[in-house]
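> Input structure: target30.txt, which contains compact mmCIF, C-alpha atoms.
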```txt
# COMPACT_ATOMS: atom_id res chain seq x y z
CA MET A 1 55.85 25.41 -81.53
CA ILE A 2 59.09 25.00 -79.52
CA LEU A 3 59.07 21.26 -80.24
CA LEU A 4 58.70 21.92 -83.97
CA ASN A 5 61.62 24.38 -83.93
CA ASN A 6 63.85 21.90 -82.06
CA THR A 7 62.92 19.16 -84.54
CA LYS A 8 63.74 21.47 -87.46
CA LYS A 9 67.15 22.27 -85.98
CA LEU A 10 67.91 18.55 -85.55
CA LEU A 11 67.05 17.91 -89.20
CA GLU A 12 69.26 20.78 -90.40
CA LYS A 13 72.39 19.42 -88.71
CA GLU A 14 74.64 16.92 -90.48
CA TYR A 15 74.74 14.26 -87.80
CA ILE A 16 76.97 11.19 -88.15
CA LYS A 17 74.75 8.12 -87.98
CA LYS A 18 75.50 4.64 -86.70
CA ASN A 19 76.69 1.97 -89.16
CA THR A 20 78.21 4.50 -91.58
CA LYS A 21 81.80 4.94 -92.73
CA LYS A 22 82.15 8.25 -90.88
CA PHE A 23 80.80 6.70 -87.67
CA ASN A 24 83.45 3.98 -87.88
CA GLN A 25 86.13 6.61 -88.53
CA VAL A 26 85.02 8.54 -85.43
CA ILE A 27 85.20 5.38 -83.31
CA LEU A 28 88.67 4.49 -84.67
CA ALA A 29 89.98 8.02 -84.17
CA LEU A 30 88.57 8.39 -80.67
CA PHE A 31 89.90 4.94 -79.79
CA SER A 32 93.39 6.06 -80.88
CA GLY A 33 93.02 9.33 -78.98
CA GLY A 34 91.68 7.56 -75.91
CA PHE A 35 94.51 5.03 -76.06
CA ALA A 36 97.12 7.80 -76.21
CA THR A 37 95.44 9.94 -73.53
CA PHE A 38 94.75 7.33 -70.91
CA SER A 39 97.87 5.22 -71.41
CA ILE A 40 99.88 8.40 -70.74
CA LEU A 41 97.71 9.46 -67.81
CA TYR A 42 97.63 6.14 -65.96
CA CYS A 43 100.96 4.58 -66.92
CA VAL A 44 102.37 5.59 -63.51
CA GLN A 45 99.60 4.06 -61.38
CA SER A 46 100.84 0.47 -61.48
CA ILE A 47 104.44 1.50 -60.75
CA LEU A 48 103.75 3.67 -57.68
CA PRO A 49 105.53 1.10 -55.45
CA ILE A 50 108.60 1.38 -57.70
CA PHE A 51 108.62 5.15 -57.30
CA SER A 52 108.27 4.70 -53.53
CA LYS A 53 111.30 2.42 -53.46
CA GLN A 54 113.56 4.37 -55.83
CA PHE A 55 112.84 7.86 -54.50
CA TYR A 56 112.17 6.90 -50.84
CA LEU A 57 108.55 8.07 -50.88
CA THR A 58 105.45 7.23 -48.88
CA PRO A 59 102.49 5.81 -50.86
CA ALA A 60 100.74 9.19 -50.64
CA GLU A 61 103.84 11.01 -51.95
CA SER A 62 104.26 8.49 -54.76
CA SER A 63 100.62 9.00 -55.78
CA LEU A 64 101.48 12.62 -56.67
CA SER A 65 102.80 11.37 -60.01
CA LEU A 66 99.19 10.61 -60.89
CA SER A 67 97.39 13.23 -58.79
CA ALA A 68 99.53 16.07 -60.19
CA ALA A 69 98.47 15.11 -63.71
CA THR A 70 94.78 14.73 -62.90
CA VAL A 71 94.52 18.00 -60.96
CA THR A 72 96.06 20.07 -63.78
CA MET A 73 93.89 18.16 -66.24
CA ALA A 74 90.83 19.08 -64.18
CA LEU A 75 91.81 22.76 -64.08
CA GLY A 76 92.80 22.83 -67.74
CA MET A 77 89.45 21.47 -68.88
CA LEU A 78 87.72 24.61 -67.63
CA PHE A 79 89.62 26.56 -70.30
CA THR A 80 90.62 24.19 -73.12
CA GLY A 81 87.00 23.22 -73.71
CA PRO A 82 85.79 26.81 -74.23
CA LEU A 83 88.99 27.55 -76.19
CA SER A 84 87.88 24.90 -78.69
CA ASP A 85 84.78 27.06 -79.28
CA ILE A 86 87.14 29.49 -81.01
CA ILE A 87 89.73 27.42 -82.86
CA GLY A 88 87.86 24.15 -83.37
CA ARG A 89 87.49 20.75 -81.73
CA LYS A 90 89.89 18.70 -83.84
CA SER A 91 92.69 21.29 -83.77
CA ILE A 92 92.73 21.45 -79.98
CA MET A 93 92.59 17.68 -79.49
CA SER A 94 95.30 16.86 -82.05
CA THR A 95 97.76 19.50 -80.80
CA CYS A 96 97.30 18.53 -77.16
CA LEU A 97 97.78 14.82 -77.90
CA PHE A 98 101.13 15.40 -79.58
CA ILE A 99 102.33 17.71 -76.78
CA ALA A 100 101.39 15.14 -74.10
CA ALA A 101 103.23 12.35 -75.93
CA ILE A 102 106.38 14.47 -76.25
CA LEU A 103 106.24 15.50 -72.56
CA THR A 104 105.98 11.82 -71.56
CA ILE A 105 109.11 11.00 -73.55
CA ILE A 106 110.95 13.89 -71.85
CA CYS A 107 109.68 12.76 -68.43
CA SER A 108 111.29 9.34 -68.97
CA MET A 109 114.70 11.06 -68.95
CA MET A 110 114.28 12.82 -65.60
CA THR A 111 116.27 11.84 -62.51
CA SER A 112 114.63 13.92 -59.75
CA TRP A 113 111.18 13.43 -58.24
CA THR A 114 110.40 17.15 -58.42
CA SER A 115 111.07 17.17 -62.17
CA ILE A 116 108.87 14.12 -62.69
CA VAL A 117 105.94 15.66 -60.79
CA LEU A 118 106.36 18.96 -62.68
CA LEU A 119 106.38 17.27 -66.08
CA ARG A 120 103.42 15.10 -65.11
CA SER A 121 101.57 18.31 -64.19
CA LEU A 122 102.27 19.79 -67.63
CA THR A 123 101.23 16.51 -69.25
CA GLY A 124 97.90 16.59 -67.44
CA LEU A 125 97.36 20.15 -68.61
CA ALA A 126 97.97 19.09 -72.21
CA LEU A 127 95.66 16.09 -71.94
CA SER A 128 92.85 18.35 -70.72
CA GLY A 129 92.47 19.56 -74.29
CA VAL A 130 91.57 16.05 -75.41
CA VAL A 131 89.35 14.88 -72.58
CA ALA A 132 87.28 18.07 -72.31
CA VAL A 133 86.62 18.35 -76.03
CA ALA A 134 86.09 14.72 -77.09
CA MET A 135 82.78 14.35 -75.27
CA THR A 136 81.56 17.65 -76.75
CA TYR A 137 82.62 16.54 -80.23
CA ILE A 138 80.57 13.37 -79.79
CA SER A 139 77.50 15.23 -78.51
CA GLU A 140 77.69 17.68 -81.45
CA GLU A 141 78.50 15.33 -84.31
CA ILE A 142 76.81 12.02 -83.47
CA HIS A 143 73.09 11.57 -84.05
CA PRO A 144 71.12 11.83 -80.76
CA ASN A 145 69.75 8.29 -81.22
CA SER A 146 73.30 6.90 -81.14
CA LEU A 147 74.77 9.32 -78.60
CA SER A 148 74.67 7.05 -75.52
CA PHE A 149 76.00 4.10 -77.52
CA CYS A 150 78.86 6.14 -79.00
CA MET A 151 79.73 7.62 -75.59
CA GLY A 152 79.88 4.10 -74.20
CA LEU A 153 82.22 3.00 -77.00
CA TYR A 154 84.40 6.06 -76.43
CA ILE A 155 84.71 5.25 -72.73
CA SER A 156 85.51 1.65 -73.68
CA GLY A 157 88.40 2.93 -75.80
CA ASN A 158 89.59 5.01 -72.88
CA THR A 159 89.44 1.88 -70.75
CA ILE A 160 91.70 -0.05 -73.12
CA GLY A 161 94.14 2.86 -73.16
CA GLY A 162 94.18 3.01 -69.38
CA PHE A 163 94.70 -0.74 -69.14
CA SER A 164 97.47 -0.71 -71.75
CA GLY A 165 99.35 2.09 -69.99
CA ARG A 166 99.18 0.41 -66.60
CA PHE A 167 99.99 -3.07 -67.89
CA LEU A 168 102.85 -2.09 -70.21
CA SER A 169 104.49 0.21 -67.66
CA SER A 170 104.36 -2.52 -65.02
CA ILE A 171 105.94 -5.15 -67.26
CA LEU A 172 108.56 -2.82 -68.75
CA ALA A 173 109.46 -1.31 -65.38
CA GLU A 174 110.14 -4.75 -63.91
CA LYS A 175 112.11 -6.00 -66.93
CA PHE A 176 114.01 -2.77 -67.56
CA SER A 177 113.20 0.41 -65.60
CA TRP A 178 110.43 2.95 -65.13
CA ASN A 179 112.35 5.25 -67.50
CA VAL A 180 112.14 2.74 -70.34
CA SER A 181 108.44 2.12 -69.66
CA LEU A 182 107.57 5.83 -69.94
CA MET A 183 109.72 6.22 -73.05
CA ILE A 184 107.97 3.37 -74.88
CA ILE A 185 104.50 4.47 -73.81
CA GLY A 186 105.29 8.01 -75.00
CA LEU A 187 106.34 6.65 -78.41
CA PHE A 188 103.20 4.51 -78.71
CA ALA A 189 101.10 7.53 -77.77
CA PHE A 190 102.81 9.63 -80.46
CA ILE A 191 101.92 7.02 -83.12
CA ALA A 192 98.34 6.84 -81.83
CA SER A 193 98.13 10.63 -82.09
CA CYS A 194 98.99 10.38 -85.77
CA PHE A 195 96.10 7.93 -86.29
CA PHE A 196 93.78 10.30 -84.44
CA LEU A 197 94.75 13.25 -86.66
CA TYR A 198 94.28 11.20 -89.82
CA PHE A 199 90.95 9.49 -89.13
CA LEU A 200 88.86 11.99 -87.14
CA PRO A 201 86.35 13.70 -89.48
CA PRO A 202 86.27 17.52 -89.28
CA SER A 203 83.38 19.02 -87.30
CA LYS A 204 80.23 19.73 -89.34
CA ASN A 205 78.05 21.13 -86.56
CA PHE A 206 80.67 23.43 -85.07
CA SER A 207 80.66 27.20 -85.51
CA SER A 208 83.53 29.31 -84.20
CA ILE A 209 82.60 32.01 -81.69
CA SER A 210 84.55 34.88 -80.15
CA ILE A 211 85.35 35.02 -76.44
CA ASN A 212 83.09 37.10 -74.26
CA PHE A 213 84.59 36.83 -70.77
CA TYR A 214 81.35 37.74 -68.98
CA LYS A 215 79.37 35.27 -71.08
CA PHE A 216 82.09 32.68 -70.55
CA LEU A 217 81.78 32.91 -66.74
CA ASN A 218 78.00 33.17 -66.90
CA HIS A 219 77.76 29.88 -68.80
CA PHE A 220 79.71 28.14 -66.02
CA TYR A 221 77.44 29.75 -63.43
CA LEU A 222 74.32 28.60 -65.30
CA GLN A 223 75.51 24.98 -65.23
CA ILE A 224 76.62 25.07 -61.58
CA LYS A 225 73.28 26.48 -60.35
CA ASN A 226 71.33 23.79 -62.24
CA PRO A 227 70.40 21.32 -59.43
CA ALA A 228 70.43 18.20 -61.64
CA LEU A 229 73.75 19.00 -63.28
CA PHE A 230 75.39 19.93 -59.97
CA ILE A 231 74.38 16.55 -58.51
CA LEU A 232 75.82 14.81 -61.57
CA PHE A 233 79.07 16.78 -61.14
CA ILE A 234 79.36 15.61 -57.51
CA ILE A 235 78.61 12.04 -58.54
CA GLY A 236 81.42 12.26 -61.11
CA PHE A 237 83.74 13.51 -58.33
CA ILE A 238 82.80 10.49 -56.19
CA LEU A 239 83.07 7.97 -59.01
CA MET A 240 86.58 8.80 -60.18
CA GLY A 241 87.86 9.48 -56.67
CA SER A 242 86.71 6.05 -55.50
CA PHE A 243 88.05 4.26 -58.57
CA VAL A 244 91.52 5.79 -58.48
CA THR A 245 91.88 5.31 -54.72
CA ILE A 246 91.10 1.59 -54.94
CA PHE A 247 93.64 0.99 -57.69
CA ASN A 248 96.28 3.35 -56.29
CA TYR A 249 96.60 1.25 -53.12
CA ILE A 250 95.66 -2.28 -54.20
CA GLY A 251 99.22 -2.72 -55.47
CA TYR A 252 100.64 -1.92 -52.04
CA ARG A 253 98.23 -4.42 -50.45
CA LEU A 254 99.12 -7.24 -52.85
CA MET A 255 102.85 -6.76 -52.23
CA LEU A 256 102.32 -7.50 -48.52
CA ALA A 257 101.53 -10.79 -46.73
CA PRO A 258 99.91 -13.16 -47.52
CA PHE A 259 100.20 -12.37 -51.26
CA PHE A 260 103.76 -11.07 -51.90
CA LEU A 261 103.03 -10.45 -55.60
CA CYS A 262 105.76 -9.14 -57.89
CA GLN A 263 105.38 -5.95 -59.93
CA SER A 264 104.45 -7.68 -63.20
CA SER A 265 101.78 -9.76 -61.44
CA ILE A 266 100.29 -6.61 -59.95
CA GLY A 267 100.29 -5.10 -63.44
CA LEU A 268 98.10 -7.98 -64.62
CA ILE A 269 95.40 -6.71 -62.27
CA SER A 270 94.92 -3.95 -64.85
CA ILE A 271 93.12 -6.49 -67.05
CA ILE A 272 90.15 -5.88 -64.77
CA TYR A 273 89.78 -2.47 -66.41
CA LEU A 274 88.59 -4.22 -69.54
CA THR A 275 85.25 -4.82 -67.83
CA GLY A 276 84.55 -1.27 -69.01
CA VAL A 277 84.68 -2.43 -72.63
CA TYR A 278 81.47 -4.34 -71.90
CA SER A 279 79.76 -2.40 -69.11
CA SER A 280 80.09 1.11 -70.63
CA PRO A 281 78.26 0.49 -73.93
CA LYS A 282 75.90 -1.96 -72.18
CA ALA A 283 74.84 0.79 -69.78
CA GLY A 284 74.30 3.07 -72.78
CA ILE A 285 71.84 0.53 -74.19
CA LEU A 286 70.07 -0.27 -70.90
CA ILE A 287 69.28 3.34 -70.04
CA HIS A 288 66.76 3.44 -72.91
CA LYS A 289 64.90 0.54 -71.31
CA TYR A 290 65.24 1.18 -67.58
CA HIS A 291 65.99 4.95 -67.39
CA ARG A 292 69.33 6.54 -66.54
CA ASN A 293 68.55 6.98 -62.86
CA ASN A 294 67.87 3.31 -62.19
CA ILE A 295 71.01 2.26 -64.04
CA LEU A 296 73.09 4.82 -62.12
CA ILE A 297 71.82 3.61 -58.72
CA ALA A 298 72.30 -0.06 -59.64
CA SER A 299 75.85 0.65 -60.87
CA LEU A 300 76.81 2.49 -57.67
CA LEU A 301 75.47 -0.41 -55.58
CA LEU A 302 77.58 -2.80 -57.67
CA MET A 303 80.66 -0.74 -56.78
CA ILE A 304 79.81 -0.97 -53.06
CA ILE A 305 79.31 -4.74 -53.28
CA GLY A 306 82.67 -5.06 -55.04
CA VAL A 307 84.48 -3.17 -52.25
CA PHE A 308 82.87 -5.40 -49.60
CA ILE A 309 84.03 -8.53 -51.44
CA THR A 310 87.67 -7.34 -51.48
CA GLN A 311 87.81 -7.65 -47.68
CA TYR A 312 88.54 -11.38 -47.96
CA ASN A 313 92.22 -12.27 -47.91
CA GLN A 314 92.02 -14.61 -50.89
CA LEU A 315 93.43 -13.38 -54.19
CA LEU A 316 90.72 -14.78 -56.47
CA ILE A 317 87.96 -13.31 -54.30
CA ILE A 318 89.72 -9.93 -54.25
CA ILE A 319 89.93 -10.04 -58.05
CA LEU A 320 86.21 -10.90 -58.24
CA GLY A 321 85.44 -7.91 -56.02
CA LEU A 322 87.55 -5.62 -58.21
CA VAL A 323 85.81 -6.90 -61.36
CA ILE A 324 82.38 -6.14 -59.90
CA PHE A 325 83.58 -2.75 -58.62
CA SER A 326 85.08 -1.82 -62.01
CA GLY A 327 82.04 -2.94 -63.98
CA GLY A 328 79.86 -0.76 -61.77
CA PHE A 329 82.23 2.17 -62.12
CA PHE A 330 82.34 2.20 -65.91
CA ALA A 331 78.58 1.76 -66.17
CA SER A 332 78.09 4.66 -63.72
CA HIS A 333 80.47 6.95 -65.56
CA SER A 334 78.96 6.14 -68.95
CA THR A 335 75.48 6.85 -67.58
CA ALA A 336 76.36 10.09 -65.77
CA SER A 337 78.46 11.55 -68.60
CA SER A 338 75.86 10.85 -71.30
CA TRP A 339 73.19 12.28 -68.97
CA VAL A 340 75.12 15.56 -68.77
CA GLY A 341 75.45 15.69 -72.56
CA SER A 342 71.77 15.01 -73.27
CA TYR A 343 70.38 17.14 -70.40
CA THR A 344 72.30 20.27 -71.45
CA HIS A 345 70.86 22.39 -74.27
CA VAL A 346 72.86 25.60 -73.74
CA ALA A 347 76.67 25.90 -73.36
CA LYS A 348 77.31 22.17 -73.73
CA ILE A 349 81.09 22.61 -73.61
CA GLN A 350 80.90 24.28 -70.20
CA ALA A 351 78.68 21.51 -68.84
CA THR A 352 81.04 18.83 -70.14
CA SER A 353 84.08 20.71 -68.85
CA LEU A 354 82.54 21.07 -65.39
CA TYR A 355 81.59 17.40 -65.20
CA LEU A 356 85.12 16.35 -66.14
CA PHE A 357 86.62 18.99 -63.83
CA PHE A 358 84.83 17.46 -60.84
CA TYR A 359 85.52 13.95 -62.16
CA TYR A 360 89.30 14.35 -62.31
CA LEU A 361 89.43 16.58 -59.25
CA GLY A 362 87.99 13.60 -57.38
CA SER A 363 90.88 11.52 -58.70
CA SER A 364 93.45 14.00 -57.37
CA VAL A 365 91.82 14.61 -53.98
CA PHE A 366 90.82 11.03 -53.16
CA GLY A 367 93.93 9.48 -54.74
CA THR A 368 96.30 11.34 -52.44
CA PHE A 369 93.99 11.66 -49.41
CA GLY A 370 93.49 7.89 -49.49
CA GLY A 371 97.12 7.61 -48.37
CA PHE A 372 96.00 8.83 -44.91
CA PHE A 373 93.58 5.90 -44.57
CA TRP A 374 96.15 3.43 -45.89
CA PHE A 375 98.77 4.66 -43.42
CA HIS A 376 96.48 4.27 -40.38
CA MET A 377 94.21 1.31 -41.27
CA LYS A 378 95.62 -0.23 -44.45
CA TRP A 379 92.96 -1.80 -46.73
CA SER A 380 90.17 -1.62 -44.13
CA GLY A 381 90.63 2.16 -43.96
CA ILE A 382 90.55 2.49 -47.77
CA SER A 383 87.39 0.36 -47.94
CA ILE A 384 85.51 2.27 -45.22
CA PHE A 385 86.40 5.57 -46.88
CA ILE A 386 85.19 4.42 -50.32
CA ILE A 387 82.00 2.69 -49.12
CA ILE A 388 80.83 5.74 -47.17
CA THR A 389 81.52 7.97 -50.17
CA LEU A 390 79.67 5.67 -52.58
CA PHE A 391 76.63 5.51 -50.30
CA PHE A 392 76.55 9.29 -50.48
CA GLY A 393 76.54 8.90 -54.28
CA VAL A 394 73.52 6.58 -54.01
CA PHE A 395 71.77 9.16 -51.83
CA LEU A 396 72.38 11.85 -54.46
CA SER A 397 71.08 9.54 -57.19
CA PHE A 398 67.85 9.03 -55.27
CA LYS A 399 67.53 12.82 -55.03
CA LEU A 400 67.70 12.97 -58.83
CA LYS A 401 65.04 10.28 -59.04
CA LYS A 402 62.80 11.96 -56.47
CA LYS A 403 62.92 15.28 -58.33
CA ASN A 404 62.35 13.42 -61.62
CA PHE A 405 65.19 15.16 -63.47
```
Can you present the structure in this file as structure tokens?

Amino acid sequence: MILLNNTKKLLEKEYIKKNTKKFNQVILALFSGGFATFSILYCVQSILPIFSKQFYLTPAESSLSLSAATVTMALGMLFTGPLSDIIGRKSIMSTCLFIAAILTIICSMMTSWTSIVLLRSLTGLALSGVVAVAMTYISEEIHPNSLSFCMGLYISGNTIGGFSGRFLSSILAEKFSWNVSLMIIGLFAFIASCFFLYFLPPSKNFSSISINFYKFLNHFYLQIKNPALFILFIIGFILMGSFVTIFNYIGYRLMLAPFFLCQSSIGLISIIYLTGVYSSPKAGILIHKYHRNNILIASLLLMIIGVFITQYNQLLIIILGLVIFSGGFFASHSTASSWVGSYTHVAKIQATSLYLFFYYLGSSVFGTFGGFFWFHMKWSGISIFIIITLFFGVFLSFKLKKKNF
């Protein structure tokens, strides 16, 4: 009887199906939104050494330009997601995108480090309204049969945005200044926000609800106390923390002997992020054949192998290790995030918000804390820290498998 009711509800909803005009519009819109969001968020990562030099900062202090944005993004997602339950998914995402683009343009005009960190914090808060809601929009509007595939494509778009922000800022900062790089990225993001507003179809399966504070907190509690979801939240924390830490400090390593790479050359390393364009949707396809848990474990092991390979002091081998690490990361994230969306049947927005809260909190905590390991042991310290953390992620994945979630 319950199965029949669930099937009836699925049939009543106006899902967007693969290979339709609306599906293509969703992909184009989310690509534009992802480009704007992640180019803004990560544009500072490749120029951390420039900040260190200009403002006389340690690597850990310089990383605050990224960590400040990701921590406020993480906190904001706990509220902007549920807020979209009231005023709508598209409204929240569009408004937040435009605000983030404008704040980035303003940030490019700042002359003090405190002002930069403050504006980056506000930018992260604005971006939370996009990141928290986009995954919920996908899970509500896209047909369940295409959900994993669409989520993979969405993450691929985010990957291209992250790559573009890092690469452009690195090139522009070396040719002109970090101010010019942020200004141009802010303008590009503003244009992308216009595309997002124009192409994204309005929600068909969304119904506005009023805020009930007790119910609001109870929904978060229900997701946290769910053993499977809580493990997935911790895995998200580990994934993003590991990924950001590796790429926060690889630039510092490659500027030292025996490499002595310039800023623009370090920016080219960002091309590695494009492995996500392949591995994210590929993971979404493979989970139907091999089950999510097996794909998650295999992807985490790929990340560990990649970190081990980067121990060699040869540039091409380091790049190979980073490619393997990145491919594993994007496959892991695509698998874990789609798992949260499909596993949750009540209060989806809270489940998505919590996953992304832990995900970006990992970025903030690991990204800055990694500076301690860099200071004392350089790349060996970073690698030991990440490998131990990823093995813990594998252990948690086996717990999911053992309990057959």
> When you count only C-alpha atoms, which of these residues is closest to Thr80 (chain A): A:Val133, A:Ile318, A:Leu300, A:Val44?
A:Val133
> Would you kindly return, as a VMD selection string, each protein, DNA or RNA residue with an atom no farther than 9 Å from any atom of Tyr137 (chain A), considering all atoms listed in the file and excluding same-chain residues fewer than 5 positions away?
chain A and resid 89 to 90 142 203 206
> Store the residues picked out above in a file with C-alpha atoms, as a PDB file, in the frame of the given file.

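Just written: result-v1.pdb:
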```
ATOM      1  CA  ARG A  89      87.490  20.750 -81.730  1.00  0.00           C
ATOM      2  CA  LYS A  90      89.890  18.700 -83.840  1.00  0.00           C
ATOM      3  CA  ILE A 142      76.810  12.020 -83.470  1.00  0.00           C
ATOM      4  CA  SER A 203      83.380  19.020 -87.300  1.00  0.00           C
ATOM      5  CA  PHE A 206      80.670  23.430 -85.070  1.00  0.00           C
TER       6      PHE A 206
END
```
> What is the CA of Phe38 (chain A)-CA of Phe149 (chain A) distance in Å, reported with one decimal?
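It comes out at 20.1 Å.
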> Could you name the residues that touch Ala189 (chain A) at 10 Å or less, counting all atoms listed in the file, but leaving out those on the same chain fewer than 2 positions away, as a PyMOL selection string?
chain A and resi 32-40+97-98+100-102+104-105+161+165+183-187+191-195
> Excluding Trp339 (chain A) and residues on its chain fewer than 4 positions from it, collect all residues at most 10 Å away from it, counting only C-alpha atoms, and give them as a short mmCIF file (atom, residue, chain, number, x, y, z; two decimals) with C-alpha atoms, in the coordinates of the input.

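The result, written out as selection_39.cif:
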```cif
data_model
loop_
_atom_site.label_atom_id
_atom_site.label_comp_id
_atom_site.auth_asym_id
_atom_site.auth_seq_id
_atom_site.Cartn_x
_atom_site.Cartn_y
_atom_site.Cartn_z
CA SER A 148 74.67 7.05 -75.52
CA ALA A 228 70.43 18.20 -61.64
CA LEU A 229 73.75 19.00 -63.28
CA LEU A 232 75.82 14.81 -61.57
CA ILE A 287 69.28 3.34 -70.04
CA ARG A 292 69.33 6.54 -66.54
CA ASN A 293 68.55 6.98 -62.86
CA HIS A 333 80.47 6.95 -65.56
CA SER A 334 78.96 6.14 -68.95
CA THR A 335 75.48 6.85 -67.58
CA TYR A 343 70.38 17.14 -70.40
CA THR A 344 72.30 20.27 -71.45
#
```
